[in-house]
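Peer 1: Have a peek at start.txt (compact mmCIF, C-alpha atoms (C1' of nucleotides)).
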# COMPACT_ATOMS: atom_id res chain seq x y z
CA MET A 391 1.41 28.69 6.49
CA GLU A 392 1.26 28.79 2.74
CA THR A 393 -1.31 26.59 1.03
CA GLY A 394 1.18 24.66 -1.07
CA GLN A 395 3.00 23.51 2.04
CA ARG A 396 -0.21 22.64 3.89
CA LEU A 397 -1.28 20.64 0.87
CA ARG A 398 1.90 18.58 0.90
CA ARG A 399 1.72 17.98 4.61
CA ALA A 400 -1.91 16.90 4.38
CA ALA A 401 -1.15 14.59 1.47
CA VAL A 402 1.80 12.96 3.23
CA SER A 403 -0.23 12.36 6.36
CA LEU A 404 -3.27 10.99 4.56
CA PHE A 405 -1.33 8.86 2.07
CA ALA A 406 0.64 7.34 4.93
CA ARG A 407 -2.49 6.52 6.87
CA HIS A 408 -4.80 5.26 4.15
CA GLY A 409 -2.76 4.85 0.99
CA TYR A 410 -2.64 6.91 -2.19
CA ALA A 411 -5.54 5.23 -3.96
CA ALA A 412 -7.80 5.32 -0.92
CA VAL A 413 -7.44 9.06 -0.37
CA SER A 414 -9.54 11.48 -2.43
CA MET A 415 -8.62 14.98 -3.49
CA ARG A 416 -11.61 16.17 -1.45
CA GLN A 417 -10.17 14.65 1.71
CA ILE A 418 -6.84 16.30 1.03
CA ALA A 419 -8.63 19.60 0.42
CA ALA A 420 -10.51 19.30 3.71
CA GLU A 421 -7.30 18.56 5.62
CA THR A 422 -5.61 21.46 3.86
CA GLY A 423 -8.50 23.73 4.84
CA VAL A 424 -9.51 24.66 1.32
CA GLN A 425 -11.98 23.67 -1.42
CA VAL A 426 -11.04 21.00 -3.95
CA GLY A 427 -10.53 23.27 -6.90
CA ALA A 428 -7.94 25.34 -5.04
CA LEU A 429 -5.58 22.35 -4.86
CA TYR A 430 -5.04 22.57 -8.58
CA ASN A 431 -3.34 25.92 -8.14
CA HIS A 432 -0.54 24.03 -6.40
CA THR A 433 -0.34 20.72 -8.18
CA THR A 434 -1.16 19.72 -11.71
CA ASP A 435 -2.83 16.48 -10.73
CA LYS A 436 -2.96 13.74 -8.10
CA GLN A 437 -0.28 11.60 -9.72
CA SER A 438 2.32 14.35 -9.86
CA LEU A 439 1.47 15.27 -6.29
CA LEU A 440 2.54 11.75 -5.26
CA PHE A 441 5.54 11.80 -7.53
CA ASP A 442 6.75 15.14 -6.17
CA LEU A 443 6.41 13.91 -2.60
CA LEU A 444 8.43 10.76 -3.29
CA SER A 445 11.02 12.36 -5.51
CA ASP A 446 11.58 15.29 -3.15
CA HIS A 447 11.84 12.88 -0.24
CA MET A 448 14.58 10.92 -1.98
CA ASP A 449 16.38 14.14 -2.91
CA ASP A 450 16.25 15.33 0.70
CA LEU A 451 17.45 11.96 1.96
CA MET A 452 20.38 11.94 -0.43
CA ALA A 453 21.28 15.56 0.35
CA ALA A 454 21.19 14.81 4.08
CA LEU A 455 23.44 11.79 3.61
CA ASP A 456 25.86 13.91 1.64
CA GLN A 457 26.21 16.16 4.69
CA VAL A 458 27.40 13.23 6.77
CA VAL A 459 31.14 12.73 6.69
CA LEU A 460 31.68 8.99 6.37
CA PRO A 461 34.94 7.89 8.05
CA ALA A 462 37.51 6.11 5.92
CA ASP A 463 37.32 3.02 8.11
CA PRO A 464 34.48 0.87 6.68
CA VAL A 465 33.15 -0.24 10.07
CA LEU A 466 33.01 3.32 11.34
CA ALA A 467 31.43 4.38 8.06
CA LEU A 468 28.81 1.67 8.46
CA GLU A 469 28.08 2.91 11.97
CA ALA A 470 27.70 6.47 10.70
CA PHE A 471 25.42 5.29 7.90
CA THR A 472 23.31 3.14 10.22
CA ARG A 473 22.83 5.88 12.79
CA PHE A 474 22.09 8.45 10.10
CA HIS A 475 19.53 6.20 8.44
CA LEU A 476 17.75 5.39 11.70
CA ARG A 477 17.70 9.00 12.84
CA TYR A 478 16.59 10.47 9.53
CA HIS A 479 13.83 7.92 9.08
CA ALA A 480 12.62 8.23 12.67
CA GLU A 481 12.08 11.93 12.12
CA ARG A 482 9.75 11.55 9.14
CA PRO A 483 7.99 8.21 9.46
CA ASP A 484 5.13 9.20 7.17
CA ALA A 485 7.31 10.26 4.26
CA VAL A 486 9.41 7.11 4.60
CA PHE A 487 6.35 4.91 4.76
CA ILE A 488 4.97 6.43 1.56
CA ALA A 489 8.32 6.20 -0.20
CA TYR A 490 8.34 2.45 0.30
CA MET A 491 4.63 1.71 -0.05
CA GLU A 492 3.38 3.89 -2.84
CA LEU A 493 5.98 3.13 -5.48
CA ARG A 494 3.54 0.92 -7.31
CA ASN A 495 1.07 3.78 -7.66
CA LEU A 496 3.53 5.77 -9.75
CA THR A 497 3.29 5.76 -13.52
CA PRO A 498 6.09 3.70 -15.11
CA GLU A 499 8.24 6.73 -15.94
CA ASN A 500 7.80 8.26 -12.51
CA PHE A 501 8.56 4.91 -10.92
CA MET A 502 11.80 4.55 -12.84
CA GLN A 503 12.96 7.96 -11.71
CA VAL A 504 12.27 7.38 -8.01
CA GLU A 505 13.67 3.86 -8.25
CA SER A 506 16.95 5.20 -9.60
CA GLN A 507 17.12 7.72 -6.75
CA ARG A 508 16.62 4.86 -4.31
CA ARG A 509 19.35 2.83 -5.94
CA ALA A 510 21.73 5.77 -5.70
CA TYR A 511 21.12 5.85 -1.95
CA GLU A 512 21.63 2.12 -1.57
CA ALA A 513 24.80 2.36 -3.63
CA ARG A 514 26.35 4.37 -0.79
CA LEU A 515 25.79 1.50 1.59
CA GLU A 516 26.97 -1.04 -0.95
CA GLU A 517 30.19 0.89 -1.38
CA ILE A 518 30.85 0.76 2.36
CA LEU A 519 30.22 -2.98 2.44
CA ARG A 520 32.40 -3.56 -0.59
CA ARG A 521 35.27 -1.69 1.02
CA GLY A 522 34.78 -3.53 4.29
CA LYS A 523 34.87 -6.85 2.50
CA ALA A 524 37.89 -5.96 0.39
CA GLY A 525 39.78 -4.74 3.44
CA GLY A 526 38.96 -7.91 5.32
CA VAL A 527 37.37 -6.02 8.21
CA MET A 528 33.88 -7.30 7.40
CA HIS A 529 32.39 -10.69 6.60
CA VAL A 530 30.05 -10.15 3.68
CA ALA A 531 28.99 -13.24 1.74
CA ASP A 532 27.17 -11.17 -0.90
CA VAL A 533 27.38 -7.38 -1.00
CA LYS A 534 24.04 -6.86 -2.76
CA LEU A 535 22.17 -9.15 -0.38
CA ALA A 536 23.81 -7.68 2.70
CA CYS A 537 22.87 -4.23 1.48
CA LEU A 538 19.22 -5.16 0.96
CA ALA A 539 19.14 -7.01 4.26
CA ILE A 540 20.49 -4.05 6.20
CA ILE A 541 18.14 -1.58 4.50
CA ALA A 542 15.16 -3.83 5.25
CA LEU A 543 16.33 -4.32 8.81
CA LEU A 544 16.75 -0.61 9.48
CA THR A 545 13.74 0.66 7.60
CA GLY A 546 11.51 -1.84 9.40
CA VAL A 547 11.95 0.26 12.52
CA THR A 548 9.64 2.95 11.16
CA THR A 549 6.70 0.55 11.11
CA TRP A 550 6.61 0.15 14.87
CA PHE A 551 8.77 2.84 16.50
CA ARG A 552 6.89 5.36 18.64
CA PRO A 553 8.78 8.07 20.59
CA ALA A 554 6.60 7.35 23.63
CA GLY A 555 7.30 3.63 23.47
CA ARG A 556 9.27 1.32 25.74
CA LEU A 557 12.64 2.30 24.30
CA SER A 558 14.02 5.74 23.51
CA GLN A 559 15.30 6.58 20.08
CA ALA A 560 18.88 6.46 21.32
CA GLU A 561 18.40 3.01 22.82
CA VAL A 562 16.83 1.68 19.63
CA GLU A 563 19.67 3.21 17.65
CA ASP A 564 22.30 1.52 19.81
CA ILE A 565 20.63 -1.88 19.67
CA TYR A 566 20.15 -1.69 15.91
CA TRP A 567 23.73 -0.63 15.35
CA ASP A 568 24.79 -3.59 17.46
CA MET A 569 22.74 -5.95 15.32
CA THR A 570 23.96 -4.40 12.08
CA ARG A 571 27.56 -4.65 13.19
CA ARG A 572 27.15 -8.31 14.11
CA LEU A 573 25.56 -8.99 10.73
CA VAL A 574 28.85 -8.21 8.98
CA ASP A 575 31.35 -8.92 11.75
CA ALA A 576 34.60 -10.40 10.42
CA MET B 781 -11.45 -24.45 -11.62
CA GLU B 782 -14.25 -23.33 -9.39
CA THR B 783 -15.22 -19.67 -9.49
CA GLY B 784 -14.64 -19.03 -5.81
CA GLN B 785 -11.04 -20.13 -6.14
CA ARG B 786 -10.48 -18.16 -9.34
CA LEU B 787 -11.90 -15.11 -7.59
CA ARG B 788 -9.43 -15.41 -4.73
CA ARG B 789 -6.50 -15.97 -7.04
CA ALA B 790 -7.47 -12.97 -9.16
CA ALA B 791 -7.92 -10.80 -6.08
CA VAL B 792 -4.55 -11.80 -4.61
CA SER B 793 -2.78 -11.11 -7.87
CA LEU B 794 -4.46 -7.76 -8.49
CA PHE B 795 -4.23 -6.54 -4.91
CA ALA B 796 -0.53 -7.38 -4.86
CA ARG B 797 0.10 -5.53 -8.08
CA HIS B 798 -2.02 -2.42 -7.63
CA GLY B 799 -3.23 -2.36 -4.03
CA TYR B 800 -6.65 -3.03 -2.56
CA ALA B 801 -8.06 0.45 -2.99
CA ALA B 802 -6.84 0.79 -6.57
CA VAL B 803 -8.51 -2.41 -7.76
CA SER B 804 -12.20 -2.41 -8.68
CA MET B 805 -14.62 -5.29 -8.39
CA ARG B 806 -15.03 -5.06 -12.16
CA GLN B 807 -11.31 -5.68 -12.70
CA ILE B 808 -11.46 -8.66 -10.37
CA ALA B 809 -14.51 -9.94 -12.24
CA ALA B 810 -12.73 -9.61 -15.59
CA GLU B 811 -9.67 -11.46 -14.29
CA THR B 812 -11.96 -14.13 -12.83
CA GLY B 813 -13.71 -14.46 -16.19
CA VAL B 814 -17.15 -13.53 -14.95
CA GLN B 815 -19.50 -10.54 -14.67
CA VAL B 816 -19.37 -8.30 -11.60
CA GLY B 817 -22.61 -9.45 -10.05
CA ALA B 818 -21.46 -13.05 -9.99
CA LEU B 819 -18.66 -12.22 -7.54
CA TYR B 820 -21.23 -11.60 -4.86
CA ASN B 821 -22.20 -15.26 -4.92
CA HIS B 822 -18.76 -15.97 -3.48
CA THR B 823 -18.03 -13.04 -1.20
CA THR B 824 -20.30 -10.75 0.75
CA ASP B 825 -18.36 -7.61 -0.11
CA LYS B 826 -14.95 -6.26 -1.05
CA GLN B 827 -13.80 -5.70 2.51
CA SER B 828 -14.49 -9.25 3.65
CA LEU B 829 -12.80 -10.51 0.51
CA LEU B 830 -9.61 -8.78 1.65
CA PHE B 831 -10.08 -9.88 5.23
CA ASP B 832 -10.59 -13.52 4.23
CA LEU B 833 -7.46 -13.46 2.09
CA LEU B 834 -5.32 -12.04 4.89
CA SER B 835 -6.82 -14.09 7.69
CA ASP B 836 -6.64 -17.33 5.72
CA HIS B 837 -3.05 -16.55 4.77
CA MET B 838 -2.09 -16.13 8.42
CA ASP B 839 -3.92 -19.32 9.33
CA ASP B 840 -2.10 -21.23 6.61
CA LEU B 841 1.25 -19.77 7.67
CA MET B 842 0.67 -20.74 11.27
CA ALA B 843 -0.53 -24.23 10.34
CA ALA B 844 2.54 -24.73 8.15
CA LEU B 845 4.84 -23.62 10.95
CA ASP B 846 3.13 -26.05 13.29
CA GLN B 847 4.14 -28.86 10.96
CA VAL B 848 7.80 -27.97 11.35
CA VAL B 849 9.50 -29.74 14.22
CA LEU B 850 11.64 -27.13 15.92
CA PRO B 851 14.75 -28.68 17.54
CA ALA B 852 15.26 -28.20 21.25
CA ASP B 853 18.54 -26.39 20.65
CA PRO B 854 17.67 -22.70 20.17
CA VAL B 855 20.20 -22.09 17.42
CA LEU B 856 19.01 -25.09 15.44
CA ALA B 857 15.43 -23.99 16.08
CA LEU B 858 16.27 -20.53 14.74
CA GLU B 859 17.76 -22.10 11.65
CA ALA B 860 14.65 -24.19 11.11
CA PHE B 861 12.45 -21.13 11.60
CA THR B 862 14.54 -18.99 9.26
CA ARG B 863 14.59 -21.55 6.48
CA PHE B 864 10.90 -22.26 6.89
CA HIS B 865 10.03 -18.56 6.78
CA LEU B 866 12.13 -17.90 3.69
CA ARG B 867 10.83 -20.94 1.84
CA TYR B 868 7.17 -20.41 2.71
CA HIS B 869 7.26 -16.75 1.77
CA ALA B 870 9.18 -17.34 -1.45
CA GLU B 871 6.42 -19.68 -2.60
CA ARG B 872 3.59 -17.14 -2.26
CA PRO B 873 5.08 -13.67 -2.73
CA ASP B 874 1.74 -12.06 -3.61
CA ALA B 875 -0.09 -13.28 -0.52
CA VAL B 876 2.81 -12.21 1.69
CA PHE B 877 2.99 -8.82 0.06
CA ILE B 878 -0.71 -8.21 0.65
CA ALA B 879 -0.53 -9.45 4.23
CA TYR B 880 2.03 -6.77 5.04
CA MET B 881 0.77 -3.95 2.83
CA GLU B 882 -2.98 -4.05 3.06
CA LEU B 883 -3.40 -4.18 6.81
CA ARG B 884 -4.36 -0.53 6.87
CA ASN B 885 -7.24 -1.16 4.50
CA LEU B 886 -8.93 -3.48 6.96
CA THR B 887 -11.70 -2.20 9.19
CA PRO B 888 -10.54 -1.80 12.80
CA GLU B 889 -12.07 -5.08 14.00
CA ASN B 890 -10.69 -7.02 11.04
CA PHE B 891 -7.30 -5.41 11.56
CA MET B 892 -7.19 -6.43 15.20
CA GLN B 893 -7.93 -10.02 14.30
CA VAL B 894 -5.23 -10.30 11.63
CA GLU B 895 -2.80 -8.38 13.82
CA SER B 896 -3.27 -10.88 16.63
CA GLN B 897 -2.64 -13.74 14.19
CA ARG B 898 0.57 -12.02 13.15
CA ARG B 899 1.64 -11.59 16.74
CA ALA B 900 1.03 -15.27 17.40
CA TYR B 901 3.41 -16.11 14.58
CA GLU B 902 6.06 -13.70 15.81
CA ALA B 903 5.67 -15.12 19.32
CA ARG B 904 7.14 -18.37 18.03
CA LEU B 905 10.29 -16.59 16.98
CA GLU B 906 10.40 -14.59 20.18
CA GLU B 907 10.22 -17.80 22.18
CA ILE B 908 13.23 -19.21 20.33
CA LEU B 909 15.22 -16.04 20.94
CA ARG B 910 14.24 -15.96 24.60
CA ARG B 911 15.42 -19.53 25.07
CA GLY B 912 18.63 -18.83 23.21
CA LYS B 913 19.32 -15.82 25.38
CA ALA B 914 18.45 -17.62 28.62
CA GLY B 915 20.65 -20.56 27.66
CA GLY B 916 23.53 -18.23 26.84
CA VAL B 917 23.87 -19.62 23.33
CA MET B 918 22.70 -16.37 21.74
CA HIS B 919 23.53 -12.71 22.20
CA VAL B 920 20.20 -10.88 22.20
CA ALA B 921 20.19 -7.35 23.60
CA ASP B 922 16.41 -7.06 23.33
CA VAL B 923 14.21 -10.02 22.42
CA LYS B 924 11.36 -7.97 20.96
CA LEU B 925 13.65 -5.85 18.81
CA ALA B 926 15.64 -8.83 17.61
CA CYS B 927 12.39 -10.54 16.68
CA LEU B 928 11.15 -7.56 14.67
CA ALA B 929 14.56 -7.09 13.08
CA ILE B 930 14.75 -10.70 11.94
CA ILE B 931 11.20 -10.68 10.60
CA ALA B 932 11.88 -7.47 8.66
CA LEU B 933 15.17 -8.86 7.39
CA LEU B 934 13.64 -12.12 6.17
CA THR B 935 10.39 -10.76 4.81
CA GLY B 936 12.26 -8.11 2.84
CA VAL B 937 13.44 -10.89 0.55
CA THR B 938 10.01 -11.17 -1.06
CA THR B 939 10.24 -7.64 -2.41
CA TRP B 940 13.11 -8.41 -4.73
CA PHE B 941 13.56 -12.20 -5.02
CA ARG B 942 12.90 -13.65 -8.46
CA PRO B 943 13.46 -17.37 -9.16
CA ALA B 944 15.22 -16.48 -12.44
CA GLY B 945 17.54 -14.01 -10.71
CA ARG B 946 21.26 -14.09 -10.03
CA LEU B 947 20.97 -16.37 -7.00
CA SER B 948 18.94 -19.54 -6.56
CA GLN B 949 16.48 -19.88 -3.73
CA ALA B 950 18.83 -22.25 -1.91
CA GLU B 951 21.72 -19.81 -2.17
CA VAL B 952 19.62 -16.93 -0.87
CA GLU B 953 18.41 -19.15 1.93
CA ASP B 954 21.95 -20.05 2.97
CA ILE B 955 23.17 -16.46 2.89
CA TYR B 956 20.19 -15.20 4.86
CA TRP B 957 20.55 -17.91 7.45
CA ASP B 958 24.21 -16.93 7.76
CA MET B 959 23.25 -13.29 8.35
CA THR B 960 20.51 -14.20 10.81
CA ARG B 961 22.85 -16.44 12.76
CA ARG B 962 25.46 -13.71 12.98
CA LEU B 963 22.83 -11.26 14.19
CA VAL B 964 22.41 -13.24 17.40
CA ASP B 965 25.76 -15.00 17.66
CA ALA B 966 26.94 -15.33 21.25
C1' DA C 18 -41.25 -34.72 -17.20
C1' DC C 19 -41.21 -31.53 -13.73
C1' DA C 20 -39.57 -28.78 -9.72
C1' DT C 21 -35.76 -26.95 -7.22
C1' DT C 22 -31.54 -24.86 -6.66
C1' DA C 23 -27.45 -22.51 -7.59
C1' DA C 24 -24.62 -19.58 -10.54
C1' DC C 25 -24.54 -16.24 -13.89
C1' DT C 26 -25.80 -12.03 -16.95
C1' DG C 27 -26.88 -7.40 -17.83
C1' DA C 28 -28.69 -3.45 -16.31
C1' DA C 29 -29.48 -0.34 -12.91
C1' DC C 30 -28.75 2.40 -8.41
C1' DA C 31 -26.88 6.32 -5.72
C1' DG C 32 -22.86 8.23 -4.58
C1' DA C 33 -17.88 9.35 -5.02
C1' DC C 34 -14.12 10.13 -8.10
C1' DG C 35 -10.47 13.51 -10.55
C1' DT C 36 -10.60 17.50 -12.92
C1' DT C 37 -12.30 21.97 -14.96
C1' DC C 38 -13.93 26.60 -14.92
C1' DA C 39 -16.66 30.98 -14.49
C1' DG C 40 -16.74 34.27 -11.25
C1' DA C 41 -15.65 36.39 -6.50
C1' DG C 42 -12.21 38.44 -3.46
C1' DC C 43 -8.20 40.73 -2.55
C1' DA C 44 -3.50 42.45 -2.54
C1' DA C 45 0.19 44.93 -5.29
C1' DG C 46 1.66 48.27 -8.81
C1' DA C 47 0.65 52.23 -11.93
C1' DT D 521 -8.59 54.98 -8.86
C1' DC D 522 -8.15 51.51 -12.03
C1' DT D 523 -5.86 47.42 -13.59
C1' DT D 524 -3.39 43.21 -13.26
C1' DG D 525 -2.62 38.81 -11.37
C1' DC D 526 -3.28 35.30 -7.92
C1' DT D 527 -5.90 32.36 -5.14
C1' DC D 528 -10.05 31.05 -3.76
C1' DT D 529 -15.20 29.21 -4.00
C1' DG D 530 -18.94 26.63 -5.66
C1' DA D 531 -20.83 24.17 -9.03
C1' DA D 532 -20.57 21.29 -12.72
C1' DC D 533 -18.66 17.50 -16.12
C1' DG D 534 -18.35 12.67 -17.33
C1' DT D 535 -16.77 8.50 -15.56
C1' DC D 536 -16.19 5.00 -12.30
C1' DT D 537 -17.27 2.99 -7.74
C1' DG D 538 -19.50 -1.07 -4.73
C1' DT D 539 -23.58 -3.27 -4.53
C1' DT D 540 -28.33 -5.03 -5.79
C1' DC D 541 -31.60 -7.59 -8.40
C1' DA D 542 -34.96 -9.36 -11.92
C1' DG D 543 -34.44 -12.63 -15.18
C1' DT D 544 -31.77 -16.39 -17.95
C1' DT D 545 -29.34 -20.72 -17.91
C1' DA D 546 -28.06 -25.18 -16.69
C1' DA D 547 -27.56 -28.88 -13.70
C1' DT D 548 -29.65 -31.93 -9.95
C1' DG D 549 -33.08 -34.73 -7.63
C1' DT D 550 -37.64 -36.89 -7.87
Could you rewrite the structure in this file as structure tokens?
Peer 2:
Amino acid sequence: METGQRLRRAAVSLFARHGYAAVSMRQIAAETGVQVGALYNHTTDKQSLLFDLLSDHMDDLMAALDQVVLPADPVLALEAFTRFHLRYHAERPDAVFIAYMELRNLTPENFMQVESQRRAYEARLEEILRRGKAGGVMHVADVKLACLAIIALLTGVTTWFRPAGRLSQAEVEDIYWDMTRRLVDA
Amino acid sequence: METGQRLRRAAVSLFARHGYAAVSMRQIAAETGVQVGALYNHTTDKQSLLFDLLSDHMDDLMAALDQVVLPADPVLALEAFTRFHLRYHAERPDAVFIAYMELRNLTPENFMQVESQRRAYEARLEEILRRGKAGGVMHVADVKLACLAIIALLTGVTTWFRPAGRLSQAEVEDIYWDMTRRLVDA
DNA sequence: ACATTAACTGAACAGACGTTCAGAGCAAGA
DNA sequence: TCTTGCTCTGAACGTCTGTTCAGTTAATGT
């Protein structure tokens, strides 16, 4: 595998486990199987390495969501969104973890960029909730709050879910969709 | 104010803003209004400073919950728990933030201790859900998952809530209790 | 008035940090 | 065969890290 890719993989894994600030470029180099200096052929510095990981993650997430056809019916659209979110996040727990934990280690400009990508993603969910409320098929006291609540609810899964655990991914998905549905049931 | 207390306050504030690993003892000293060496009159080292903050936070949280009289009726008990959780966490956003974010920076033994304190707290919620399910007054597909979902839902509030924001604390509390109730409505 | 104690300063320690760079190694193109 | 262009190593840079400690300061108890 090419060094640039190994570098990113190593960084994602180490950042997720110990945090951006706690991981040194030397550790990343060791995990990549290369000397420190060589890393700088593939990234300009540590900060932009983090930024690229987060920004690319948000791009990928958004692109993947765009591939999902959301039904016109708001409740069905919410189900599609919920299942997509759970599935996508379950497949890359490390990247997700970093994307939510390491925002504060970005420089202000980099933070603003990633933050706006995150808001664009949440806007998709908000739109579904808004339509569900307007159509009277959902009970949503406050669209913004419901959106944040659902995101927090769903994303929390990544902190404890293990494929070898008590419940399979499909079971978790079903139970979480059930809870999400109830949250906004008319 | 006594130095030991100023030290803890400074550490909580700085750890919440930048993360444990990103904050140096010199920064903490500056914020405390003292030279670096003086910190070591009040803590043995950086790691136990973090551990004490987290462990004491969990102790305080548990002690505060113990003061709340939880009604016998599971739904009323859930409401009491929900409102308590939201209120307690809204009052100390920094400490809460650290307690959830800096767990991975604890040594294994310290982590296990804090983790068990956290589980003890969650066990209170689980017990309420179990009783609600057994009594048929709640719909709970999986007690453990519902517990984790509710905790994630409620704790997520601290990441965005600002007293000067669009909604007052009481309004947020009401809306979140409404969503929590719906989540487990029979 | 003196002794004791605790808290603080300021400097020092060894090691780790992010980053740079001269030179080695090697593959591709002329 | 020689040159060009990457990618790598290995060492070095200045700075910052957590922690220690001799010595100053000030308050307390006798």
Peer 1: Counting all atoms listed in the file, collect the residues of chain A whose closest atom lies at most 12 Å from chain D, and write them out as number ranges by chain.
Peer 2: A: 392-394, 412, 423-432
Peer 1: Between atom CA of B:His837 and atom CA of B:Ala875, what is the distance, to one decimal in Å?
Peer 2: 6.9 Å
Peer 1: Once 8 Å is added on each side, what centre and edge lengths in Å to one decimal does the axis-aligned box around all listed atoms of stretch 395-399 of chain A have, as lines of an AutoDock Vina configuration file?
Peer 2:
center_x = 0.9
center_y = 20.7
center_z = 2.7
size_x = 20.3
size_y = 21.5
size_z = 19.7
Peer 1: Please determine the contact residues of chain A with respect to chain B at a cut-off of 9 Å, counting all atoms listed in the file, and supply them as a PyMOL selection string.
Peer 2: chain A and resi 407-412+491+494-495+530-532+535-536+538-547+550+562+565-566+568-575
Peer 1: Within 9 Å of chain B, which residues belong to chain C? Use all atoms listed in the file and report them as a PyMOL selection string.
Peer 2: chain C and resi 24-27
Peer 1: Give as a PyMOL selection string each residue that has an atom at most 12 Å from (22.5, 0.4, -3.4) in the file, counting all atoms listed in the file.
Peer 2: chain A and resi 505-520+533-541
Peer 1: At a cut-off of 10 Å, using only C-alpha atoms (C1' of nucleotides), what residues contact A:Gln395? Leave out same-chain residues fewer than 5 positions from it and give the result as a PDB file with C-alpha atoms, in the frame of the given file.
Peer 2:
ATOM      1  CA  ALA A 400      -1.910  16.900   4.380  1.00  0.00           C
ATOM      2  CA  ALA A 401      -1.150  14.590   1.470  1.00  0.00           C
ATOM      3  CA  THR A 422      -5.610  21.460   3.860  1.00  0.00           C
ATOM      4  CA  HIS A 432      -0.540  24.030  -6.400  1.00  0.00           C
TER       5      HIS A 432
END
